[in-house]
>>> print(open('data_18.csv').read())   # CSV, C-alpha atoms
chain,number,residue,atom,x,y,z
S,1,MET,CA,110.0,96.0,80.7
S,2,PRO,CA,108.3,97.2,77.6
S,3,SER,CA,109.1,100.7,76.3
S,4,LEU,CA,107.4,103.0,73.8
S,5,ASP,CA,109.2,105.2,71.3
S,6,ARG,CA,108.0,107.1,68.2
S,7,HIS,CA,109.6,107.3,64.8
S,8,ASP,CA,107.7,110.1,62.9
S,9,ASN,CA,104.1,108.7,62.7
S,10,VAL,CA,105.0,105.2,63.8
S,11,PHE,CA,105.0,104.1,67.5
S,12,VAL,CA,107.5,101.4,68.2
S,13,LEU,CA,106.8,99.3,71.3
S,14,ASP,CA,109.8,97.3,72.4
S,15,LEU,CA,108.6,94.3,74.4
S,16,GLY,CA,111.9,93.8,76.2
S,17,ASP,CA,115.2,92.0,75.9
S,18,ALA,CA,114.5,88.8,77.9
S,19,GLU,CA,111.9,86.1,77.2
S,20,ASN,CA,109.2,88.8,77.4
S,21,ARG,CA,106.7,86.5,79.2
S,22,PHE,CA,103.3,87.7,80.1
S,23,HIS,CA,103.9,88.7,83.7
S,24,PRO,CA,101.0,90.8,85.1
S,25,ASP,CA,103.3,93.8,85.3
S,26,TRP,CA,104.4,93.3,81.7
S,27,ILE,CA,100.7,93.1,80.6
S,28,THR,CA,100.0,96.3,82.5
S,29,ALA,CA,102.9,98.1,80.8
S,30,VAL,CA,101.9,96.9,77.3
S,31,GLY,CA,98.3,98.0,78.0
S,32,ALA,CA,99.5,101.5,79.1
S,33,ALA,CA,101.5,101.8,75.9
S,34,LEU,CA,98.4,100.9,73.8
S,35,ASP,CA,96.5,103.5,75.7
S,36,GLU,CA,99.1,106.1,74.6
S,37,VAL,CA,98.9,105.0,71.0
S,38,GLU,CA,95.1,105.0,71.0
S,39,LYS,CA,94.8,108.4,72.6
S,40,ALA,CA,97.3,110.1,70.2
S,41,GLU,CA,95.9,112.1,67.4
S,42,GLY,CA,96.6,112.3,63.7
S,43,PRO,CA,98.2,109.7,61.4
S,44,ARG,CA,99.8,106.9,63.3
S,45,ALA,CA,100.6,103.2,63.3
S,46,LEU,CA,102.2,100.7,65.8
S,47,VAL,CA,105.1,98.3,65.5
S,48,THR,CA,105.9,95.9,68.3
S,49,ALA,CA,109.4,94.5,68.4
S,50,ALA,CA,111.8,93.1,70.9
S,51,THR,CA,115.6,92.8,71.5
S,52,GLY,CA,117.6,89.6,71.8
S,53,LYS,CA,116.7,86.0,71.3
S,54,PHE,CA,113.0,86.2,71.9
S,55,TYR,CA,110.0,88.2,70.7
S,56,SER,CA,107.9,86.6,73.4
S,57,ASN,CA,107.9,83.1,75.0
S,58,GLY,CA,104.3,83.4,76.1
S,59,LEU,CA,102.6,83.0,79.4
S,60,ASP,CA,104.6,83.5,82.6
S,61,LEU,CA,104.0,79.9,83.8
S,62,GLU,CA,106.3,80.4,86.8
S,63,TRP,CA,104.2,83.2,88.1
S,64,LEU,CA,101.0,81.4,87.2
S,65,PHE,CA,102.0,78.2,89.2
S,66,ALA,CA,102.9,80.4,92.1
S,67,ASN,CA,99.6,82.2,92.0
S,68,ALA,CA,97.2,79.4,91.0
S,69,ASP,CA,94.3,81.1,92.8
S,70,GLN,CA,94.5,84.0,90.3
S,71,HIS,CA,94.5,81.7,87.2
S,72,GLN,CA,91.1,82.8,85.8
S,73,ASP,CA,91.8,86.5,86.4
S,74,TYR,CA,95.2,86.1,84.7
S,75,VAL,CA,93.7,84.4,81.7
S,76,VAL,CA,91.1,87.2,81.4
S,77,SER,CA,93.9,89.8,81.4
S,78,VAL,CA,95.7,87.9,78.6
S,79,HIS,CA,92.6,87.5,76.6
S,80,GLU,CA,91.9,91.3,76.9
S,81,LEU,CA,95.4,92.1,75.7
S,82,PHE,CA,94.8,89.9,72.6
S,83,ALA,CA,91.4,91.6,72.0
S,84,ARG,CA,92.8,95.0,72.5
S,85,MET,CA,95.5,94.5,69.9
S,86,LEU,CA,93.1,92.7,67.5
S,87,SER,CA,90.7,95.7,67.5
S,88,LEU,CA,93.2,98.6,68.0
S,89,PRO,CA,92.1,101.5,65.7
S,90,VAL,CA,95.6,101.8,64.1
S,91,ILE,CA,97.5,99.5,61.7
S,92,THR,CA,99.7,97.2,63.8
S,93,VAL,CA,102.8,95.3,62.7
S,94,ALA,CA,104.8,92.7,64.7
S,95,ALA,CA,108.5,92.6,64.1
S,96,LEU,CA,109.5,89.0,65.0
S,97,GLN,CA,113.3,89.1,65.4
S,98,GLY,CA,113.4,86.0,67.7
S,99,HIS,CA,111.5,83.0,69.0
S,100,THR,CA,107.7,83.6,69.1
S,101,PHE,CA,106.0,80.9,71.1
S,102,ALA,CA,102.6,80.0,72.6
S,103,ALA,CA,100.8,83.2,73.8
S,104,GLY,CA,103.6,85.2,72.2
S,105,ALA,CA,102.7,83.7,68.8
S,106,MET,CA,99.0,84.4,69.5
S,107,PHE,CA,99.9,88.0,70.4
S,108,SER,CA,101.6,88.3,67.0
S,109,LEU,CA,98.5,87.0,65.3
S,110,ALA,CA,96.5,89.8,66.9
S,111,HIS,CA,98.5,92.2,64.8
S,112,ASP,CA,97.5,93.2,61.3
S,113,PHE,CA,100.8,92.2,59.8
S,114,ARG,CA,103.9,90.2,60.8
S,115,VAL,CA,107.6,90.4,59.6
S,116,MET,CA,109.9,87.6,60.7
S,117,ARG,CA,113.6,86.9,60.6
S,118,ALA,CA,114.3,84.5,57.9
S,119,ASP,CA,117.4,82.6,59.0
S,120,ARG,CA,116.9,81.9,62.7
S,121,GLY,CA,114.1,81.7,65.3
S,122,TYR,CA,110.8,79.9,65.3
S,123,TRP,CA,107.1,80.7,65.5
S,124,CYS,CA,105.3,77.9,67.3
S,125,LEU,CA,102.1,77.0,69.2
S,126,PRO,CA,103.5,74.2,71.5
S,127,GLU,CA,100.3,73.6,73.5
S,128,ALA,CA,99.8,70.0,72.2
S,129,ASP,CA,103.3,69.1,73.4
S,130,ILE,CA,103.2,70.8,76.8
S,131,ASN,CA,99.7,69.5,77.6
S,132,ILE,CA,98.0,72.9,78.0
S,133,PRO,CA,94.8,73.2,75.9
S,134,PHE,CA,94.0,76.4,74.1
S,135,THR,CA,91.3,78.4,75.8
S,136,PRO,CA,88.2,79.1,73.7
S,137,GLY,CA,89.4,82.7,73.2
S,138,MET,CA,92.9,81.6,72.1
S,139,ALA,CA,91.4,79.1,69.7
S,140,ALA,CA,89.1,81.7,68.3
S,141,LEU,CA,91.9,84.2,67.8
S,142,ILE,CA,94.2,81.7,66.0
S,143,GLN,CA,91.4,80.4,63.8
S,144,SER,CA,90.3,83.9,62.9
S,145,ARG,CA,93.8,84.8,61.7
S,146,LEU,CA,95.1,81.7,60.0
S,147,ALA,CA,93.9,79.7,57.1
S,148,PRO,CA,92.0,76.6,58.3
S,149,GLN,CA,94.7,74.0,57.3
S,150,THR,CA,97.5,76.1,58.7
S,151,ALA,CA,95.6,76.6,62.0
S,152,HIS,CA,94.9,72.8,62.1
S,153,THR,CA,98.6,71.9,61.6
S,154,ALA,CA,100.0,74.6,63.9
S,155,MET,CA,97.5,73.8,66.7
S,156,LEU,CA,97.5,70.0,66.5
S,157,THR,CA,101.2,69.3,65.8
S,158,ALA,CA,103.0,72.1,67.6
S,159,ARG,CA,105.1,72.5,64.4
S,160,ARG,CA,108.0,75.0,64.7
S,161,TYR,CA,108.0,77.3,61.7
S,162,GLY,CA,111.1,79.0,60.6
S,163,GLY,CA,110.7,82.4,58.8
S,164,ALA,CA,110.5,81.0,55.3
S,165,ASP,CA,108.1,78.3,56.3
S,166,ALA,CA,106.0,80.8,58.2
S,167,ALA,CA,105.8,83.1,55.2
S,168,ALA,CA,104.9,80.2,52.9
S,169,ALA,CA,102.1,79.1,55.3
S,170,GLY,CA,100.7,82.7,55.6
S,171,ILE,CA,101.6,83.0,59.2
S,172,VAL,CA,103.8,86.0,58.5
S,173,ASP,CA,103.7,88.4,55.6
S,174,GLN,CA,107.4,88.6,55.0
S,175,ALA,CA,110.6,86.8,56.1
S,176,VAL,CA,113.7,89.0,55.9
S,177,VAL,CA,117.3,89.2,57.1
S,178,GLU,CA,117.8,89.9,60.8
S,179,ASP,CA,118.9,93.5,60.3
S,180,ALA,CA,115.8,94.3,58.2
S,181,VAL,CA,113.1,92.9,60.5
S,182,ARG,CA,112.3,96.1,62.5
S,183,SER,CA,112.9,98.5,59.6
S,184,THR,CA,110.6,96.5,57.3
S,185,ALA,CA,107.9,96.5,59.9
S,186,ILE,CA,108.2,100.2,60.3
S,187,GLU,CA,108.0,100.7,56.5
S,188,ILE,CA,104.8,98.7,56.4
S,189,ALA,CA,103.4,100.6,59.3
S,190,GLN,CA,104.4,104.0,57.8
S,191,ALA,CA,102.6,103.3,54.6
S,192,GLN,CA,99.3,102.8,56.5
S,193,VAL,CA,99.4,105.7,59.1
S,194,ASN,CA,96.5,107.5,57.4
S,195,LYS,CA,94.2,104.6,58.2
S,196,ALA,CA,94.2,105.3,61.9
S,197,GLY,CA,90.9,106.2,63.5
S,198,ASP,CA,87.3,105.2,64.3
S,199,THR,CA,86.5,103.8,60.9
S,200,LEU,CA,89.5,101.4,61.0
S,201,GLY,CA,88.5,100.4,64.6
S,202,THR,CA,84.9,99.7,63.5
S,203,ILE,CA,86.1,97.6,60.5
S,204,LYS,CA,88.3,95.5,62.8
S,205,ALA,CA,85.5,95.1,65.4
S,206,ARG,CA,83.1,93.9,62.8
S,207,MET,CA,85.6,91.7,61.0
S,208,TYR,CA,86.6,89.9,64.1
S,209,ALA,CA,83.4,90.1,66.1
S,210,PRO,CA,83.1,86.4,67.0
S,211,ALA,CA,86.7,86.1,68.1
S,212,LEU,CA,86.5,89.3,70.1
S,213,ALA,CA,83.3,88.2,71.8
S,214,THR,CA,84.9,84.9,72.8
S,215,LEU,CA,88.1,86.7,74.1
S,216,ARG,CA,86.0,89.1,76.1
S,217,ASP,CA,83.9,86.4,77.8
S,218,THR,CA,84.7,86.7,81.5
S,219,THR,CA,82.2,84.1,82.7
S,220,ALA,CA,84.0,81.0,81.4
S,221,PRO,CA,87.3,82.1,79.9
S,222,LEU,CA,88.9,78.7,80.5
S,223,GLY,CA,86.0,76.8,78.8
>>> encode(input="data_18.csv", output="structure tokens")
Amino acid sequence: MPSLDRHDNVFVLDLGDAENRFHPDWITAVGAALDEVEKAEGPRALVTAATGKFYSNGLDLEWLFANADQHQDYVVSVHELFARMLSLPVITVAALQGHTFAAGAMFSLAHDFRVMRADRGYWCLPEADINIPFTPGMAALIQSRLAPQTAHTAMLTARRYGGADAAAAGIVDQAVVEDAVRSTAIEIAQAQVNKAGDTLGTIKARMYAPALATLRDTTAPLG
């Protein structure tokens, strides 16, 4: 399960050491960590990271298929997590040490910055290959954070981007060696800790108002 630690003014949320799929309990734990970060006072920023082969492999499809009657509520909770991260009133940095797929890739896009391992691991939106269309909220998030041609290619072709390719496409801000992923993310976050607060939250809310409105639409989250 996710765990929250603090390094000086930088909170580090470790998402786990497995596939870090979006099980309802996992979503609740991440939300509780974000509560703690948001309620803290003074300079602060947030890094999310993981341990092992995966940053996150996305939705917990096994749980979802076993609980099909809760499909809409589950999607609403995923959308709210994306919206929460996208509008969090602190600078956020995703440290992508491993595979970052589907909803995990979307979660990374909800951060302000991304650092990815250069030599191994992929960032990918595989929905076109697995026959699961993007929800309106997911599409709005992706298209608000990626350049139009990059979003077009990533969403329509399910291309797998290695670290260098992801950096060249503007999906991530830096691609670095494995041992430097988390430390680089913390350095980026530490440089921006004084931005935390209501003004930053307002800037994000206004910058991403259309995407946030779509993500928070609970009447027809599936389209």
>>> residues_around(input="data_18.csv", residues="stretch 55-63 of chain S", least_positions_apart="2", cutoff="7 Å", atoms="all atoms listed in the file", output="PyMOL selection string")
chain S and resi 19-23+49-50+65-67+96-104
>>> atom_distance(input="data_18.csv", atom1="atom CA of S:Leu125", atom2="atom CA of S:Trp26")
20.7 Å
>>> closest_residue(input="data_18.csv", among="S:Ala40, S:Met138, S:Val30, S:Ala166", to="S:Asp119", atoms="only C-alpha atoms")
S:Ala166
>>> closest_residue(input="data_18.csv", among="S:Arg114, S:Lys195, S:Arg6, S:Arg120", to="S:Arg160", atoms="only C-alpha atoms")
S:Arg120
>>> atom_distance(input="data_18.csv", atom1="atom CA of S:Glu36", atom2="atom CA of S:Asn9")
13.2 Å
>>> atom_distance(input="data_18.csv", atom1="atom CA of S:Ala158", atom2="atom CA of S:Ala128")
6.0 Å
>>> build_atoms(input="data_18.csv", residues="stretch 174-202 of chain S", atoms="N, CA and C atoms", output="compact mmCIF listing (two decimals), in the coordinates of the input")
# COMPACT_ATOMS: atom_id res chain seq x y z
N GLN S 174 106.11 88.59 55.65
CA GLN S 174 107.40 88.60 55.00
C GLN S 174 108.44 87.96 55.94
N ALA S 175 109.44 87.34 55.34
CA ALA S 175 110.60 86.80 56.10
C ALA S 175 111.83 87.52 55.48
N VAL S 176 112.58 88.21 56.33
CA VAL S 176 113.70 89.00 55.90
C VAL S 176 114.93 88.78 56.71
N VAL S 177 116.06 89.33 56.31
CA VAL S 177 117.30 89.20 57.10
C VAL S 177 117.14 89.88 58.43
N GLU S 178 117.93 89.44 59.39
CA GLU S 178 117.80 89.90 60.80
C GLU S 178 117.80 91.46 60.85
N ASP S 179 118.74 92.09 60.18
CA ASP S 179 118.90 93.50 60.30
C ASP S 179 117.71 94.31 59.69
N ALA S 180 116.89 93.63 58.89
CA ALA S 180 115.80 94.30 58.20
C ALA S 180 114.44 94.09 58.85
N VAL S 181 114.38 93.29 59.92
CA VAL S 181 113.10 92.90 60.50
C VAL S 181 112.34 94.18 61.00
N ARG S 182 113.00 94.93 61.86
CA ARG S 182 112.30 96.10 62.50
C ARG S 182 112.08 97.18 61.41
N SER S 183 113.07 97.44 60.58
CA SER S 183 112.90 98.50 59.60
C SER S 183 111.81 98.18 58.57
N THR S 184 111.71 96.90 58.19
CA THR S 184 110.60 96.50 57.30
C THR S 184 109.28 96.67 57.91
N ALA S 185 109.17 96.29 59.18
CA ALA S 185 107.90 96.50 59.90
C ALA S 185 107.53 97.94 59.97
N ILE S 186 108.50 98.80 60.23
CA ILE S 186 108.20 100.20 60.30
C ILE S 186 107.79 100.77 58.93
N GLU S 187 108.41 100.28 57.87
CA GLU S 187 108.00 100.70 56.50
C GLU S 187 106.56 100.31 56.21
N ILE S 188 106.19 99.10 56.58
CA ILE S 188 104.80 98.70 56.40
C ILE S 188 103.85 99.53 57.15
N ALA S 189 104.21 99.80 58.41
CA ALA S 189 103.40 100.60 59.30
C ALA S 189 103.25 102.04 58.72
N GLN S 190 104.39 102.61 58.32
CA GLN S 190 104.40 104.00 57.80
C GLN S 190 103.50 104.17 56.63
N ALA S 191 103.42 103.17 55.78
CA ALA S 191 102.60 103.30 54.60
C ALA S 191 101.11 103.28 54.88
N GLN S 192 100.74 102.94 56.14
CA GLN S 192 99.30 102.80 56.50
C GLN S 192 98.90 103.78 57.60
N VAL S 193 99.72 104.79 57.91
CA VAL S 193 99.40 105.70 59.10
C VAL S 193 98.13 106.44 58.88
N ASN S 194 97.74 106.71 57.65
CA ASN S 194 96.50 107.50 57.40
C ASN S 194 95.24 106.71 57.64
N LYS S 195 95.37 105.42 57.91
CA LYS S 195 94.20 104.60 58.20
C LYS S 195 93.70 104.72 59.61
N ALA S 196 94.51 105.27 60.51
CA ALA S 196 94.20 105.30 61.90
C ALA S 196 92.87 106.04 62.18
N GLY S 197 92.07 105.53 63.11
CA GLY S 197 90.90 106.20 63.50
C GLY S 197 89.67 105.33 63.70
N ASP S 198 88.53 105.95 63.95
CA ASP S 198 87.30 105.20 64.30
C ASP S 198 86.87 104.25 63.23
N THR S 199 86.99 104.65 61.96
CA THR S 199 86.50 103.80 60.90
C THR S 199 87.33 102.47 60.88
N LEU S 200 88.63 102.57 61.01
CA LEU S 200 89.50 101.40 61.00
C LEU S 200 89.08 100.50 62.25
N GLY S 201 88.86 101.14 63.41
CA GLY S 201 88.50 100.40 64.60
C GLY S 201 87.15 99.66 64.39
N THR S 202 86.20 100.31 63.73
CA THR S 202 84.90 99.70 63.50
C THR S 202 85.05 98.52 62.51
